[in-house]
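Here the structure is laid out as C-alpha cells; the discussion comes afterwards.
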Amino acid sequence: MAEIDVELREVSKRFGEVLAVDRVSLQIRRGEFFSLLGPSGCGKTTTLRMIGGLEFPTAGEVLLRGAVVTDLPAYRRATNMVFQHLALFPHLTVFENIAFGLRLRREPEAQIAHKVDSVLQLVDLPGYASREIHQLSGGQKQRVAIARALVNEPAVLLLDEPLGALDLKLRIQMQTELKALQHRVGTTFIYVTHDQGEALTMSDRIAVMNEGRVEQVASSQEIYTRPRTRFVAGFIGEANFLDGQVAEVTADAVCVNVGPLRVWATGDGAIAQDAHVTVSVRPEHVKLGTALGATPNRWDARVLDVTFMGSVVRAKVALGDATVLTTELQSDAAAGLGPGAIVTAGWAPQQAVVLVR
Amino acid sequence: MAVLARASGELRQRRGGWRATARRYAHVPLLAPSVLLSLAVFWVCMAVLLVMSVYPFLAAGTPRLTWAAWQRFLVDPFYHGIVGTTLYMAVVVTAFSLALGYPTAYAISKIQRPGWALAAYLILFAPILVSVVVRTYGWLLLLGNTGVVNWALRTVGLVREPVPLIFNFTGIIIAMVHILLPFMVFPILSVVGQLTPDLKEAAADLGANRWQTFRRVTLPLTLPGVISGAQIVFTLTISAFVTPFLMGGGKVQILSGLIYRDMEAVNLGFASAVALILLVLAAVILAASNALARRAYKRAEVERV
C-alpha cells in the first residue's frame with residue numbers, strides 16, 4: 001500500500017446555515033491523480049480549499065503527509081493550488097509570476113532562474129519568461145498557472161477546475177497534457193471538476209460527491225461499471241433505472257421483480273431478500289435482436305423512437321406498459337430499425353447493477 | 001470567398017458616401033461647446049496673462065516690453081520661499097491624504113452589506129456638497145483658541161495653554177486634508193474594488209503572509225489609483241486659495257495668495273507672471289507623475305481568461 005499524502009477525517013464545513021461539506025473522510029495516496037467530482041454546490045471546491053488551507057473545517061481533521069494541518073494557513077502548507085480563474089498576477093511577467101513563491105523563500109537568484117527555466121520547459125513554454133501575462137493566450141496562461149504552482153515542488157498540487165474556461169478542443173488537449181505532466185513529475189494531484197468525462201479520462205481514482213457527502217471512491221473504471229448509488233450511476237454517464245423488489249439472491253446474481261418483469265442483475269455487498277432496490281443498466285449494455293447473447297434478461301420490446309447520432313444510434317424501447325429503456329447501438333447494427341418495430345431486448349446480468357435504496 | 005469579397009466591396013462603397021462622412025463627424029458638434037468654452041476662458045486668459053506679464057501697462061495705454069515681473073520673481077529669494085512653502089504644503093497634504101485615504105478606501109471596499117457601504121459613502125463624500133468656505137469656517141470654529149479641540153485638550157489636561165491650530169501651517173494642513181480626502185479615496189476605491197480575492201489567495205497559497213501579500217500584490221495593483229488620487233490632491237492643493245487664505249490668516253505665504261495680493265494692488269504684470277509660474281509648476285508635476293502612472297497602468301492591465 002502506497003503512502004498516504006492527504007487524509008481527511010470526518011471533515012465538515014458549515015457556512016452559516018449551509019452545511020457545505022458533511023463528514024467527508026478520504027485517503028489520497030502519494031503520486032496519484034485523484035479527482036473530486038460532483039455537480040456545482042456539492043462541496044468539492046470547499047473540500048479542496050480546506051486541503052489547501054484557504055478554508056478551515058468546522059469539524060474534523062486534515063492531515064498532510066501524516067501531520068495534522070487542520071488550522072494551518074495556506075502560506076504555511078506544502079500544497080499549491082491552480083485556481084479556477086488562474087489568478088495570475090497581472091502586474092508581473094511570466095518569470096516573476098513563477099518566481100513568486102521562490103522569492104518568498106529567499107532562494108538564491110541563480111537557483112530561481114534555473115528552476116523557472118526548467119518548469120517552463122516542463123509546461124512546454126520555453127522562452128516565454130519575459131512575456132507579460134496579458135500577452136498570453138488562454139492555454140498559455142493555463143500553463144503558467146500550473147508552472148507557478150509546480151515550481152515550488154509541493155507535496156500535493158491542488159487544481160480547482162482549471163480547464164473550465166478553455167474551449168472544448170483546447171480542454172481535451174490540456175487534459176492529456178496534464179495527465180502526462182503528472183506522470184513525469186510524480187506529484188500527487190487533486191483535481192476538482194464537475195465534468196465526468198474529464199474525471200474519467202484523467203484520474204487514477206475518483207471521489208464522487210453530492211450534497212456535501214462522498215458517495216463513492218473508486219477507480220475510473222469501477223465508478224463507471226460498478227456504481228454504488230443511484231446518484232453515481234446517473235451522474236457518471238447515463239443509466240436506465242428500474243425500481244423493484246429483490247425476489248431471489250443466488251451466489252453470483254440477484255433477481256429483482258420490476259413490475260411484471262423478473263430482472264437478473266449483480267450486486268456489490270450484501271443484498272437482502274425483499275429489499276427495495278434499483279437496477280441500473282447503461283444504454284450501451286441494452287442489446288436488441290441477435291446482438292443479445294444467452295441471458296435470462298430477454299423480453300419483447302416495441303421501438304418508440306430512433307435518433308441517429310453519428311457513430312451510434314439511440315433508441316427508446318418499451319418493455320410492457322410501464323418500462324421504457326434507452327439503448328445505444330452502433331449505427332450499422334441499427335439498420336432497418338424504426339418506430340413501431342417489435343424486437344427482442346435485454347442485457348447480461350453482470351452488466352446490470354443492483355443499487356440498494 | 002467570392003461572397004466575402006462581394007460583401008466587403010459593398011461595404012467599401014457604402015462607406016464612401018457623404019452620409020458616412022457625416023456620420024463619422026457626428027460627434028464634433030457635441031464636443032464644440034466645451035472646446036469653445038475652454039478656448040475662450042482658459043487659453044485666451046492664459047494668453048492675456050502672458051501678454052500682461054511683459055506689457056504690464058497695456059491697459060493704461062503705454063505698451064512697453066519689460067521683463068521686470070519675471071526678473072523680480074526669479075531672482076528674489078523671498079519668492080523662492082513662497083514657492084517652497086506652496087510645494088511643501090502640497091506634499092504634506094498629499095501625504096496625509098494618502099495615509100488616511102488608502103486604509104479608508106480599502107476598508108470601504110471590504111464592507112459586505114450594501115446599506116453600510118452606502119452609509120460610508122455618504123459620510124465620506126457628503127462634505128463635497130457643502131461650500132469650501134463653509135467647511136473652512138467650520139474648522140476655524142473647531143480649531144480656534146476657544147474651539148472644541150482646544151477645550152477638549154485642556155479639559156483632559158494634556159495642555160494648559162491653547163495650542164495654536166489656526167492662522168498657521170498646521171491649520172491649513174488639517175483643513176486641506178479634510179476637504180481633499182474624498183478626492184484621494186475615490187480613485188483608490190475604484191481600483192481596490194477591482195481586485196479579485198483570488199489574487200490574494202494565490203499569493204497566500206504561494207507562501208506570502210498578509211504583509212507580503214499587500215506589498216507584492218495589493219499595493220502594486222492599486223498604484224494607479226494612488227497615483228491619480230495623489231495627482232488630484234496635489235494639484236488642487238498648490239492652486240487652492242480659500243482654505244489656505246482663511247486658515248493661514250495671512251501669516252502663511254503661498255502662491256495663490258501672492259497672486260490675489262498683487263491683483264488687488266493692481267500689480268497685474270507681476271500677478272500674471274506668478275499665475276503662469278503656478279501653471280507651469282502644476283503642469284510639470286502632472287507630466288512627471290503621468291509618466292509614472294503610465295508605467296503603473298501598463299503593468300496593471302488586468303486581462304482575465
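Ordered as shown in the C-alpha cells, chains take letters A, B, and onward, while each chain numbers its residues from 1 and ligands are numbered from 1 in the order shown.
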
Could you give me, as a tab-separated table, a per-residue list for chain A showing, wherever an atom lies at most 9 Å from an atom of chain B, the closest pair of atoms and their distance in Å to one decimal, using only C-alpha atoms and sorting by chain then residue number from low to high?
residue	atom	partner	partner_atom	distance
A:Gly52	CA	B:Asp205	CA	7.4
A:Gly53	CA	B:Asp205	CA	8.0
A:Leu54	CA	B:Glu201	CA	7.1
A:Pro73	CA	B:Ala204	CA	8.2
A:Ala74	CA	B:Asp205	CA	5.0
A:Tyr75	CA	B:Gly207	CA	3.8
A:Arg76	CA	B:Gly207	CA	6.3
A:Arg77	CA	B:Asp205	CA	7.9
A:Thr79	CA	B:Asp205	CA	7.5
A:Asn80	CA	B:Asp205	CA	5.9
A:Met81	CA	B:Asp205	CA	6.7
A:Val82	CA	B:Ala202	CA	8.4
A:Phe83	CA	B:Ala202	CA	7.6
A:His85	CA	B:Val305	CA	7.1
A:Leu86	CA	B:Val305	CA	8.1
A:Ala87	CA	B:Leu199	CA	5.1
A:Leu88	CA	B:Leu199	CA	7.0
A:Phe89	CA	B:Leu199	CA	6.7
A:Pro90	CA	B:Val302	CA	5.6
A:His91	CA	B:Arg299	CA	4.5
A:Leu92	CA	B:Arg299	CA	7.1
A:Thr93	CA	B:Arg299	CA	8.9
A:Phe100	CA	B:Leu206	CA	7.1
A:Gly101	CA	B:Leu206	CA	4.8
A:Leu102	CA	B:Leu206	CA	8.5
A:Leu104	CA	B:Ala208	CA	6.6
A:Arg105	CA	B:Gly207	CA	7.8
A:Glu132	CA	B:Arg299	CA	8.2
A:Ile133	CA	B:Glu303	CA	8.0
A:His134	CA	B:Glu303	CA	5.6
A:Ser137	CA	B:Val305	CA	8.1
A:Gly138	CA	B:Val305	CA	5.7
A:Lys141	CA	B:Val305	CA	7.8
A:Gln142	CA	B:Val305	CA	9.0
A:Arg148	CA	B:Leu206	CA	8.5
A:Ala149	CA	B:Leu206	CA	7.4
A:Asn152	CA	B:Leu206	CA	7.9
A:Ala165	CA	B:Val305	CA	6.9
A:Leu166	CA	B:Val305	CA	8.4

Within 8 Å of segment 282-289 of chain B, counting only C-alpha atoms, which residues show up once you throw out same-chain ones fewer than 2 positions away? Write them as a count of residues only, please. 10

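Taking atom CA of Glu7 of chain A as the reference point, atom CA of Val119 of chain A is found at 28.0 Å.
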
What's the separation between atom CA of Asn290 of chain B and atom CA of Ile277 of chain B, in Å to one decimal place?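 Separating atom CA of Asn290 of chain B from atom CA of Ile277 of chain B is a distance of 19.6 Å.
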
What lies within 9 Å of Gln330 of chain A using only C-alpha atoms, ignoring chain neighbours under 2 positions off, as a count of residues only? 9

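Rounded to one decimal, atom CA of Val91 of chain B and atom CA of Gly250 of chain B lie 20.5 Å from each other.
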
Show which residues sit within 10 Å of Arg228 of chain A, as a VMD selection string. Count only C-alpha atoms, and ignore same-chain residues fewer than 4 positions away. chain A and resid 215 to 218 222 to 224 232 to 233 267 to 269 353 to 356

Considering only C-alpha atoms, return as a PDB file with C-alpha atoms, in the first residue's frame whatever protein or nucleic-acid residues lie within 8 Å of Val226 of chain B, sequence-local ones (same chain, fewer than 2 positions apart) excluded.
ATOM      1  CA  LEU B  98      -2.839  59.191   1.212  1.00  0.00           C
ATOM      2  CA  TYR B 102      -5.724  54.379   1.434  1.00  0.00           C
ATOM      3  CA  MET B 184      -7.907  60.672  -2.678  1.00  0.00           C
ATOM      4  CA  PRO B 187      -9.731  56.834  -7.262  1.00  0.00           C
ATOM      5  CA  ILE B 188      -8.179  54.324  -4.849  1.00  0.00           C
ATOM      6  CA  THR B 222      -3.669  49.671  -6.624  1.00  0.00           C
ATOM      7  CA  LEU B 223      -0.807  52.009  -7.538  1.00  0.00           C
ATOM      8  CA  PRO B 224      -2.695  53.540 -10.494  1.00  0.00           C
ATOM      9  CA  SER B 228      -4.305  59.570  -9.747  1.00  0.00           C
ATOM     10  CA  GLY B 229      -5.536  60.361  -6.242  1.00  0.00           C
ATOM     11  CA  ALA B 230      -2.210  61.956  -5.386  1.00  0.00           C
TER      12      ALA B 230
END

Using only C-alpha atoms, the best pick from A:Gly320, A:Gly336, A:Pro57, A:Gly212 as closest to Arg302 of chain A would be A:Gly320

Neighbours of Cys42 of chain A within 9 Å (only C-alpha atoms; same-chain residues fewer than 3 positions away dropped), as an NGL selection string? :A and (20-21 or 37-39 or 45-46 or 209-213)
